[in-house]
file data.txt (compact mmCIF, C-alpha atoms)
# COMPACT_ATOMS: atom_id res chain seq x y z
CA MET A 4 -43.11 -131.60 40.11
CA LYS A 5 -43.17 -134.95 41.78
CA LYS A 6 -40.59 -136.75 43.82
CA ARG A 7 -39.16 -138.73 40.93
CA ASP A 8 -38.77 -135.55 38.94
CA PHE A 9 -36.32 -134.32 41.53
CA VAL A 10 -34.51 -137.65 41.39
CA LEU A 11 -34.17 -137.14 37.64
CA VAL A 12 -32.87 -133.59 38.09
CA GLY A 13 -30.34 -134.86 40.61
CA ALA A 14 -29.26 -137.65 38.28
CA VAL A 15 -28.76 -135.25 35.38
CA LEU A 16 -26.76 -132.86 37.55
CA ALA A 17 -24.62 -135.71 38.84
CA ALA A 18 -24.04 -137.00 35.31
CA ALA A 19 -23.06 -133.52 34.12
CA LEU A 20 -20.65 -133.11 37.01
CA LEU A 21 -19.11 -136.52 36.31
CA CYS A 22 -18.76 -135.82 32.61
CA TRP A 23 -17.16 -132.52 33.49
CA LEU A 24 -14.70 -133.88 36.01
CA VAL A 25 -13.66 -137.26 34.68
CA PRO A 26 -12.07 -136.25 31.36
CA ARG A 27 -10.24 -133.43 33.14
CA ALA A 28 -9.02 -135.71 35.88
CA LEU A 29 -7.76 -138.16 33.27
CA GLY A 30 -6.16 -135.29 31.40
CA ILE A 31 -7.78 -136.14 28.08
CA PHE A 32 -7.97 -132.50 27.07
CA GLY A 33 -4.92 -130.40 26.46
CA ARG A 34 -2.64 -133.38 26.19
CA THR A 35 -0.37 -132.76 23.31
CA GLN A 36 0.90 -135.66 21.34
CA ASP A 37 4.25 -136.99 22.34
CA THR A 38 6.12 -135.29 19.59
CA GLU A 39 9.81 -134.62 19.66
CA LEU A 40 12.16 -132.36 17.84
CA VAL A 41 15.16 -134.24 16.50
CA ILE A 42 18.13 -132.13 15.50
CA THR A 43 20.65 -133.63 13.11
CA VAL A 44 23.93 -131.98 12.20
CA ASP A 45 25.89 -133.35 9.28
CA GLY A 46 23.98 -136.63 9.41
CA GLU A 47 24.60 -137.19 13.09
CA GLU A 48 22.00 -136.80 15.77
CA TYR A 49 22.61 -133.70 17.82
CA GLY A 50 19.77 -134.03 20.31
CA ARG A 51 16.11 -134.72 20.98
CA TYR A 52 13.77 -132.24 22.63
CA PRO A 53 10.09 -132.57 23.57
CA LEU A 54 7.80 -130.10 21.84
CA SER A 55 5.75 -129.66 24.97
CA GLU A 56 8.55 -127.72 26.64
CA ASP A 57 9.32 -124.17 25.59
CA GLN A 58 13.04 -123.69 25.13
CA VAL A 59 15.77 -122.12 23.07
CA ILE A 60 18.34 -124.53 21.68
CA LYS A 61 21.75 -123.52 20.43
CA ILE A 62 23.03 -125.79 17.71
CA ASN A 63 26.81 -125.63 17.77
CA GLU A 64 27.82 -122.07 16.93
CA THR A 65 25.88 -121.86 13.72
CA ASN A 66 22.17 -121.94 14.44
CA VAL A 67 19.63 -121.27 17.17
CA CYS A 68 16.15 -122.73 17.16
CA GLN A 69 13.28 -122.11 19.50
CA ILE A 70 10.40 -124.25 20.71
CA SER A 71 7.34 -122.34 21.81
CA ASN A 72 3.70 -123.42 22.03
CA GLY A 73 4.58 -126.75 20.47
CA GLU A 74 6.09 -125.10 17.43
CA VAL A 75 9.67 -125.01 16.23
CA ASN A 76 11.28 -122.05 14.54
CA MET A 77 14.82 -121.44 13.46
CA THR A 78 15.55 -118.09 15.02
CA GLU A 79 19.20 -117.58 14.13
CA ALA A 80 21.53 -118.81 11.43
CA ASP A 81 24.94 -117.60 10.42
CA CYS A 82 24.57 -118.58 6.82
CA PRO A 83 24.07 -115.83 4.23
CA ASP A 84 20.67 -116.78 2.80
CA LYS A 85 18.88 -117.60 6.09
CA LEU A 86 16.33 -119.75 4.26
CA CYS A 87 15.86 -121.98 7.26
CA MET A 88 14.60 -119.05 9.32
CA HIS A 89 11.76 -118.61 6.86
CA GLN A 90 10.76 -122.27 6.74
CA GLY A 91 9.01 -122.44 10.06
CA PRO A 92 7.08 -122.97 12.08
CA ALA A 93 7.13 -126.75 12.15
CA ARG A 94 4.67 -128.40 14.49
CA GLU A 95 3.44 -131.63 12.96
CA GLN A 96 5.12 -134.96 12.69
CA GLY A 97 7.22 -135.26 9.59
CA GLN A 98 7.76 -131.54 9.12
CA THR A 99 11.35 -130.43 8.72
CA ILE A 100 13.37 -127.26 8.73
CA VAL A 101 16.67 -127.52 6.92
CA CYS A 102 19.69 -125.25 6.99
CA LEU A 103 21.68 -126.56 4.08
CA PRO A 104 24.90 -124.55 4.43
CA ASN A 105 25.36 -125.72 8.03
CA LYS A 106 23.92 -129.19 7.38
CA VAL A 107 21.44 -128.75 10.20
CA VAL A 108 18.12 -130.60 9.98
CA LEU A 109 15.28 -130.07 12.42
CA GLU A 110 12.74 -132.81 12.19
CA ILE A 111 9.57 -133.47 14.16
CA THR A 112 8.97 -137.08 15.04
CA GLY A 113 6.45 -138.86 17.19
CA GLU A 114 5.45 -142.23 18.50
CA THR A 115 2.22 -142.59 16.62
CA GLN A 116 1.08 -141.06 13.44
CA GLU A 117 -2.40 -141.80 12.20
CA ASN A 118 -2.00 -140.92 8.57
CA GLN A 119 1.28 -142.69 8.08
CA ALA A 120 1.37 -145.59 5.68
CA ASP A 121 0.96 -148.98 7.34
CA SER A 122 3.47 -150.51 5.02
CA VAL A 123 5.47 -149.50 2.00
CA ALA A 124 5.65 -151.63 -1.09
CA GLN A 125 9.10 -151.89 -2.51
CA MET B 14 -62.23 -131.46 15.33
CA ASN B 15 -60.95 -133.12 12.21
CA ARG B 16 -57.77 -134.98 12.91
CA THR B 17 -55.88 -133.86 9.82
CA ALA B 18 -56.87 -130.25 10.40
CA SER B 19 -55.70 -130.50 14.00
CA MET B 20 -52.35 -131.91 13.00
CA GLY B 21 -51.93 -129.11 10.47
CA LEU B 22 -52.81 -126.54 13.10
CA PHE B 23 -50.38 -127.93 15.64
CA SER B 24 -47.66 -128.16 13.00
CA ALA B 25 -48.22 -124.52 12.15
CA VAL B 26 -47.97 -123.56 15.81
CA ALA B 27 -44.75 -125.56 16.17
CA ILE B 28 -43.25 -123.92 13.08
CA ILE B 29 -44.23 -120.44 14.27
CA LEU B 30 -42.71 -121.15 17.68
CA GLY B 31 -39.54 -122.32 15.99
CA TYR B 32 -39.46 -119.09 14.02
CA VAL B 33 -40.18 -116.93 17.08
CA GLU B 34 -37.30 -118.66 18.76
CA THR B 35 -34.84 -117.59 16.07
CA LEU B 36 -35.80 -114.01 16.94
CA LEU B 37 -35.10 -114.50 20.64
CA PRO B 38 -31.44 -114.73 21.55
CA VAL B 39 -32.22 -116.53 24.79
CA PHE B 40 -29.08 -118.47 25.52
CA THR B 41 -26.55 -116.61 23.49
CA GLY B 42 -22.92 -117.56 23.79
CA ILE B 43 -23.33 -121.31 23.73
CA PRO B 44 -23.68 -122.64 20.20
CA GLY B 45 -26.51 -125.06 19.68
CA VAL B 46 -28.30 -124.22 22.89
CA LYS B 47 -31.80 -122.88 22.54
CA LEU B 48 -35.00 -122.93 24.46
CA GLY B 49 -36.81 -125.33 22.16
CA LEU B 50 -40.14 -123.55 22.23
CA ALA B 51 -41.38 -125.77 19.43
CA ASN B 52 -41.01 -128.72 21.73
CA LEU B 53 -43.79 -127.19 23.76
CA VAL B 54 -46.17 -128.44 21.09
CA VAL B 55 -44.57 -131.88 21.06
CA VAL B 56 -44.79 -132.28 24.83
CA PHE B 57 -48.34 -130.98 24.82
CA LEU B 58 -49.39 -133.41 22.07
CA LEU B 59 -47.69 -136.31 23.80
CA TYR B 60 -49.70 -135.68 26.94
CA THR B 61 -53.03 -134.79 25.32
CA PHE B 62 -53.02 -137.35 22.53
CA SER B 63 -50.26 -139.85 21.91
CA TRP B 64 -46.68 -140.17 20.75
CA LYS B 65 -47.87 -140.66 17.17
CA GLU B 66 -49.37 -137.19 16.89
CA ALA B 67 -46.30 -135.75 18.60
CA ALA B 68 -44.00 -137.57 16.16
CA VAL B 69 -45.91 -136.40 13.06
CA VAL B 70 -45.87 -132.76 14.14
CA SER B 71 -42.25 -133.04 15.21
CA VAL B 72 -41.07 -134.36 11.85
CA ILE B 73 -43.10 -131.83 9.86
CA ARG B 74 -41.78 -128.99 11.97
CA ILE B 75 -38.15 -130.08 11.65
CA ILE B 76 -38.30 -130.42 7.89
CA VAL B 77 -40.07 -127.11 7.34
CA ILE B 78 -37.91 -125.17 9.83
CA GLY B 79 -34.83 -126.89 8.42
CA PHE B 80 -35.59 -125.80 4.89
CA LEU B 81 -36.50 -122.28 5.99
CA PHE B 82 -33.67 -121.47 8.38
CA GLY B 83 -31.24 -124.37 8.42
CA ASN B 84 -29.50 -126.80 6.17
CA LEU B 85 -29.38 -130.53 5.63
CA PHE B 86 -27.13 -131.00 8.64
CA SER B 87 -29.38 -129.10 10.98
CA ILE B 88 -32.30 -131.25 9.81
CA LEU B 89 -30.26 -134.37 10.49
CA PHE B 90 -29.24 -133.17 13.95
CA SER B 91 -32.76 -132.14 14.81
CA LEU B 92 -34.32 -135.41 13.66
CA ALA B 93 -31.85 -137.38 15.76
CA GLY B 94 -32.47 -135.23 18.81
CA ALA B 95 -36.23 -135.14 18.40
CA GLY B 96 -36.54 -138.87 17.76
CA PHE B 97 -34.44 -139.77 20.75
CA SER B 98 -36.18 -137.34 23.06
CA LEU B 99 -39.69 -138.32 21.98
CA ALA B 100 -38.89 -141.98 22.57
CA VAL B 101 -37.60 -141.23 26.05
CA MET B 102 -40.49 -138.93 26.91
CA THR B 103 -42.98 -141.55 25.78
CA GLY B 104 -41.29 -144.01 28.11
CA ILE B 105 -41.24 -141.58 31.02
CA LYS B 106 -44.88 -140.71 30.58
CA LYS B 107 -45.65 -144.34 31.39
CA ILE B 108 -43.62 -144.29 34.60
CA SER B 109 -45.81 -143.37 37.49
CA GLY B 110 -44.44 -140.76 39.81
CA MET B 111 -43.01 -138.57 37.13
CA SER B 112 -44.81 -135.46 36.04
CA ILE B 113 -44.83 -133.71 32.69
CA VAL B 114 -41.97 -131.55 33.97
CA GLY B 115 -39.81 -134.62 34.54
CA ALA B 116 -40.66 -135.96 31.10
CA SER B 117 -39.81 -132.62 29.54
CA ILE B 118 -36.47 -132.48 31.36
CA ALA B 119 -35.61 -135.98 30.18
CA GLY B 120 -36.71 -134.92 26.70
CA GLY B 121 -34.53 -131.82 26.74
CA VAL B 122 -31.48 -133.72 27.93
CA THR B 123 -31.88 -136.58 25.47
CA HIS B 124 -32.62 -134.16 22.64
CA ASN B 125 -29.19 -132.63 23.19
CA LEU B 126 -27.64 -136.04 23.64
CA GLY B 127 -29.02 -137.26 20.30
CA GLN B 128 -27.80 -134.15 18.53
CA ILE B 129 -24.28 -134.30 19.87
CA LEU B 130 -24.04 -138.02 19.12
CA VAL B 131 -24.88 -137.33 15.49
CA ALA B 132 -22.57 -134.31 15.45
CA SER B 133 -19.63 -136.28 16.75
CA VAL B 134 -20.27 -139.06 14.23
CA VAL B 135 -20.56 -136.60 11.34
CA LEU B 136 -17.51 -134.61 12.41
CA GLU B 137 -15.61 -137.72 13.50
CA ASN B 138 -14.59 -136.00 16.68
CA LYS B 139 -14.91 -137.86 19.96
CA ASN B 140 -13.49 -135.01 21.99
CA LEU B 141 -16.37 -132.84 20.90
CA LEU B 142 -18.71 -135.26 22.60
CA LEU B 143 -16.67 -135.41 25.78
CA TYR B 144 -16.04 -131.72 25.95
CA TYR B 145 -19.49 -130.51 25.17
CA PHE B 146 -21.58 -133.13 26.88
CA PRO B 147 -21.81 -131.62 30.39
CA VAL B 148 -22.76 -128.23 28.97
CA LEU B 149 -25.55 -129.78 26.94
CA LEU B 150 -26.76 -131.84 29.89
CA ILE B 151 -27.23 -128.72 31.99
CA ALA B 152 -28.71 -126.81 29.07
CA GLY B 153 -31.19 -129.62 28.41
CA LEU B 154 -32.09 -129.68 32.07
CA ILE B 155 -32.88 -125.96 32.20
CA THR B 156 -34.72 -125.73 28.89
CA GLY B 157 -36.59 -128.97 29.57
CA PHE B 158 -37.66 -127.66 32.95
CA LEU B 159 -38.97 -124.39 31.50
CA ILE B 160 -40.79 -126.14 28.65
CA GLY B 161 -42.23 -128.64 31.13
CA LEU B 162 -43.58 -125.90 33.39
CA LEU B 163 -45.15 -124.12 30.42
CA SER B 164 -46.67 -127.37 29.13
CA ALA B 165 -48.13 -128.18 32.54
CA GLU B 166 -49.70 -124.75 32.67
CA ILE B 167 -51.13 -125.04 29.15
CA LEU B 168 -52.50 -128.52 29.89
CA LYS B 169 -54.16 -127.24 33.04
CA ARG B 170 -55.78 -124.32 31.24
CA THR B 171 -57.01 -126.32 28.27
CA ALA B 172 -58.18 -129.37 30.22
CA GLY B 173 -61.34 -130.96 28.88
CA ARG B 174 -61.14 -129.09 25.61
CA ASN B 175 -58.58 -131.27 23.87
CA ARG B 176 -59.86 -133.98 21.65
CA LEU B 177 -59.26 -134.89 18.10

call {"tool": "encode", "arguments": {"input": "data.txt", "output": "structure tokens"}}
result
Amino acid sequence: MKKRDFVLVGAVLAAALLCWLVPRALGIFGRTQDTELVITVDGEEYGRYPLSEDQVIKINETNVCQISNGEVNMTEADCPDKLCMHQGPAREQGQTIVCLPNKVVLEITGETQENQADSVAQ
Amino acid sequence: MNRTASMGLFSAVAIILGYVETLLPVFTGIPGVKLGLANLVVVFLLYTFSWKEAAVVSVIRIIVIGFLFGNLFSILFSLAGAGFSLAVMTGIKKISGMSIVGASIAGGVTHNLGQILVASVVLENKNLLLYYFPVLLIAGLITGFLIGLLSAEILKRTAGRNRL
């Protein structure tokens, strides 16, 4: 081992440390996309909730949905068939959970969506 | 010794070392990290003969080992890594003040770098590169160091007996 070998070892170690720290400092990993849950009742917007925050949302007196780990589930519904409770979980942009009897729509939206069409021909 | 026969011999040694390595779970737990025993032959050839001999043996080894134990992707990854690392080691050999251990370390690191570059292009995943890079840097450093020490020892013990 010569002197410049140690310089090389030091450089590699420094580079590894940098590559380890920098993406973490910038928060590149673990950043979930800015997706939101939009709840619509009878065609009118009821509220918007970020998917990054775990919470339980009561929708009027008819339904309850839950956000956990970036996923949305309908946990309660007072309708007889309870189809909406079996539709989940919804986690990606564009996914919906619909409770038809109560006219409740849970939709996931986001700022950017890579595989969305650039334009639509009409 | 006949040049073609020598190349065949060294290729055989490299292939056997590559096989032996599949039997040794040296760095288990981290996918893609291995000692790179076969690179011993490449480093040795680079320092006893030239980069051309090292390149020939390297390519033969990768293709044979790839068909025996790997798949087309592993051949692609290996060729990228080996090509990159041999180029860098050839350059380092010419720098005065760096020993075979330094060249081997640089080779180990750049071997991993080449592989992960190809992997992230093939898998179209930039995060893979970012996430895995530091691990592979350290892994290349350690394996390169060990291979370099071994190569230095082999060179010392076979000095004066190596000619084509």

call {"tool": "closest_atom_pairs", "arguments": {"input": "data.txt", "of": "chain A", "to": "chain B", "cutoff": "8 Å", "atoms": "only C-alpha atoms", "output": "tab-separated table"}}
result
residue	atom	partner	partner_atom	distance
A:Met4	CA	B:Ser112	CA	5.9
A:Lys5	CA	B:Met111	CA	5.9
A:Lys6	CA	B:Gly110	CA	6.9
A:Arg7	CA	B:Met111	CA	5.4
A:Asp8	CA	B:Gly115	CA	4.6
A:Phe9	CA	B:Gly115	CA	7.8
A:Leu11	CA	B:Gly115	CA	6.9
A:Val12	CA	B:Leu154	CA	7.2
A:Val15	CA	B:Leu150	CA	6.8
A:Leu16	CA	B:Ile151	CA	6.9
A:Ala18	CA	B:Pro147	CA	7.6
A:Ala19	CA	B:Pro147	CA	4.4
A:Leu20	CA	B:Pro147	CA	6.9
A:Cys22	CA	B:Pro147	CA	5.6
A:Trp23	CA	B:Pro147	CA	5.7
A:Pro26	CA	B:Leu143	CA	7.3
A:Phe32	CA	B:Asn140	CA	7.9

call {"tool": "closest_residue", "arguments": {"input": "data.txt", "among": "A:Gln69, A:Asn105, A:Thr38, A:Thr112", "to": "A:Gly91", "atoms": "all atoms listed in the file"}}
result
A:Gln69

call {"tool": "closest_residue", "arguments": {"input": "data.txt", "among": "B:Leu22, B:Ala132, B:Val69, B:Ile167", "to": "B:Leu99", "atoms": "all atoms listed in the file"}}
result
B:Val69

call {"tool": "atom_distance", "arguments": {"input": "data.txt", "atom1": "atom CA of B:Ala152", "atom2": "atom CA of B:Leu30"}}
result
18.9 Å

call {"tool": "residues_around", "arguments": {"input": "data.txt", "residues": "stretch 78-87 of chain A", "least_positions_apart": "6", "cutoff": "8 Å", "atoms": "only C-alpha atoms", "output": "list in words"}}
result
Thr65, Asn66, Val67, Cys68, Gln69, Ile100, Val101, Cys102, Pro104 and Asn105 of chain A

call {"tool": "atom_distance", "arguments": {"input": "data.txt", "atom1": "atom CA of B:Gly31", "atom2": "atom CA of B:Ile75"}}
result
9.0 Å

call {"tool": "atom_distance", "arguments": {"input": "data.txt", "atom1": "atom CA of B:Phe97", "atom2": "atom CA of B:Val131"}}
result
11.2 Å

call {"tool": "closest_residue", "arguments": {"input": "data.txt", "among": "B:Val26, B:Leu136, B:Leu37, B:Val46", "to": "B:Ile78", "atoms": "only C-alpha atoms"}}
result
B:Val26

call {"tool": "residues_near_point", "arguments": {"input": "data.txt", "point": "(-38.3, -125.3, 27.0)", "cutoff": "8 Å", "atoms": "all atoms listed in the file", "output": "VMD selection string"}}
result
chain B and resid 48 to 50 52 to 53 117 121 155 to 161 163

call {"tool": "residues_around", "arguments": {"input": "data.txt", "residues": "B:Gly96", "least_positions_apart": "3", "cutoff": "12 Å", "atoms": "only C-alpha atoms", "output": "VMD selection string"}}
result
chain B and resid 52 55 64 to 65 67 to 72 75 88 to 93 99 to 103 120 to 121 123 to 128 131

call {"tool": "write_last_selection", "arguments": {"input": "data.txt", "atoms": "C-alpha atoms", "output": "PDB file, keeping the file's coordinate frame"}}
result
ATOM      1  CA  ASN B  52     -41.010-128.720  21.730  1.00  0.00           C
ATOM      2  CA  VAL B  55     -44.570-131.880  21.060  1.00  0.00           C
ATOM      3  CA  TRP B  64     -46.680-140.170  20.750  1.00  0.00           C
ATOM      4  CA  LYS B  65     -47.870-140.660  17.170  1.00  0.00           C
ATOM      5  CA  ALA B  67     -46.300-135.750  18.600  1.00  0.00           C
ATOM      6  CA  ALA B  68     -44.000-137.570  16.160  1.00  0.00           C
ATOM      7  CA  VAL B  69     -45.910-136.400  13.060  1.00  0.00           C
ATOM      8  CA  VAL B  70     -45.870-132.760  14.140  1.00  0.00           C
ATOM      9  CA  SER B  71     -42.250-133.040  15.210  1.00  0.00           C
ATOM     10  CA  VAL B  72     -41.070-134.360  11.850  1.00  0.00           C
ATOM     11  CA  ILE B  75     -38.150-130.080  11.650  1.00  0.00           C
ATOM     12  CA  ILE B  88     -32.300-131.250   9.810  1.00  0.00           C
ATOM     13  CA  LEU B  89     -30.260-134.370  10.490  1.00  0.00           C
ATOM     14  CA  PHE B  90     -29.240-133.170  13.950  1.00  0.00           C
ATOM     15  CA  SER B  91     -32.760-132.140  14.810  1.00  0.00           C
ATOM     16  CA  LEU B  92     -34.320-135.410  13.660  1.00  0.00           C
ATOM     17  CA  ALA B  93     -31.850-137.380  15.760  1.00  0.00           C
ATOM     18  CA  LEU B  99     -39.690-138.320  21.980  1.00  0.00           C
ATOM     19  CA  ALA B 100     -38.890-141.980  22.570  1.00  0.00           C
ATOM     20  CA  VAL B 101     -37.600-141.230  26.050  1.00  0.00           C
ATOM     21  CA  MET B 102     -40.490-138.930  26.910  1.00  0.00           C
ATOM     22  CA  THR B 103     -42.980-141.550  25.780  1.00  0.00           C
ATOM     23  CA  GLY B 120     -36.710-134.920  26.700  1.00  0.00           C
ATOM     24  CA  GLY B 121     -34.530-131.820  26.740  1.00  0.00           C
ATOM     25  CA  THR B 123     -31.880-136.580  25.470  1.00  0.00           C
ATOM     26  CA  HIS B 124     -32.620-134.160  22.640  1.00  0.00           C
ATOM     27  CA  ASN B 125     -29.190-132.630  23.190  1.00  0.00           C
ATOM     28  CA  LEU B 126     -27.640-136.040  23.640  1.00  0.00           C
ATOM     29  CA  GLY B 127     -29.020-137.260  20.300  1.00  0.00           C
ATOM     30  CA  GLN B 128     -27.800-134.150  18.530  1.00  0.00           C
ATOM     31  CA  VAL B 131     -24.880-137.330  15.490  1.00  0.00           C
TER      32      VAL B 131
END

call {"tool": "residues_near_point", "arguments": {"input": "data.txt", "point": "(6.2, -129.0, 15.1)", "cutoff": "6 Å", "atoms": "all atoms listed in the file", "output": "list in words"}}
result
Glu74, Val75, Ala93, Arg94, Glu95 and Ile111 of chain A
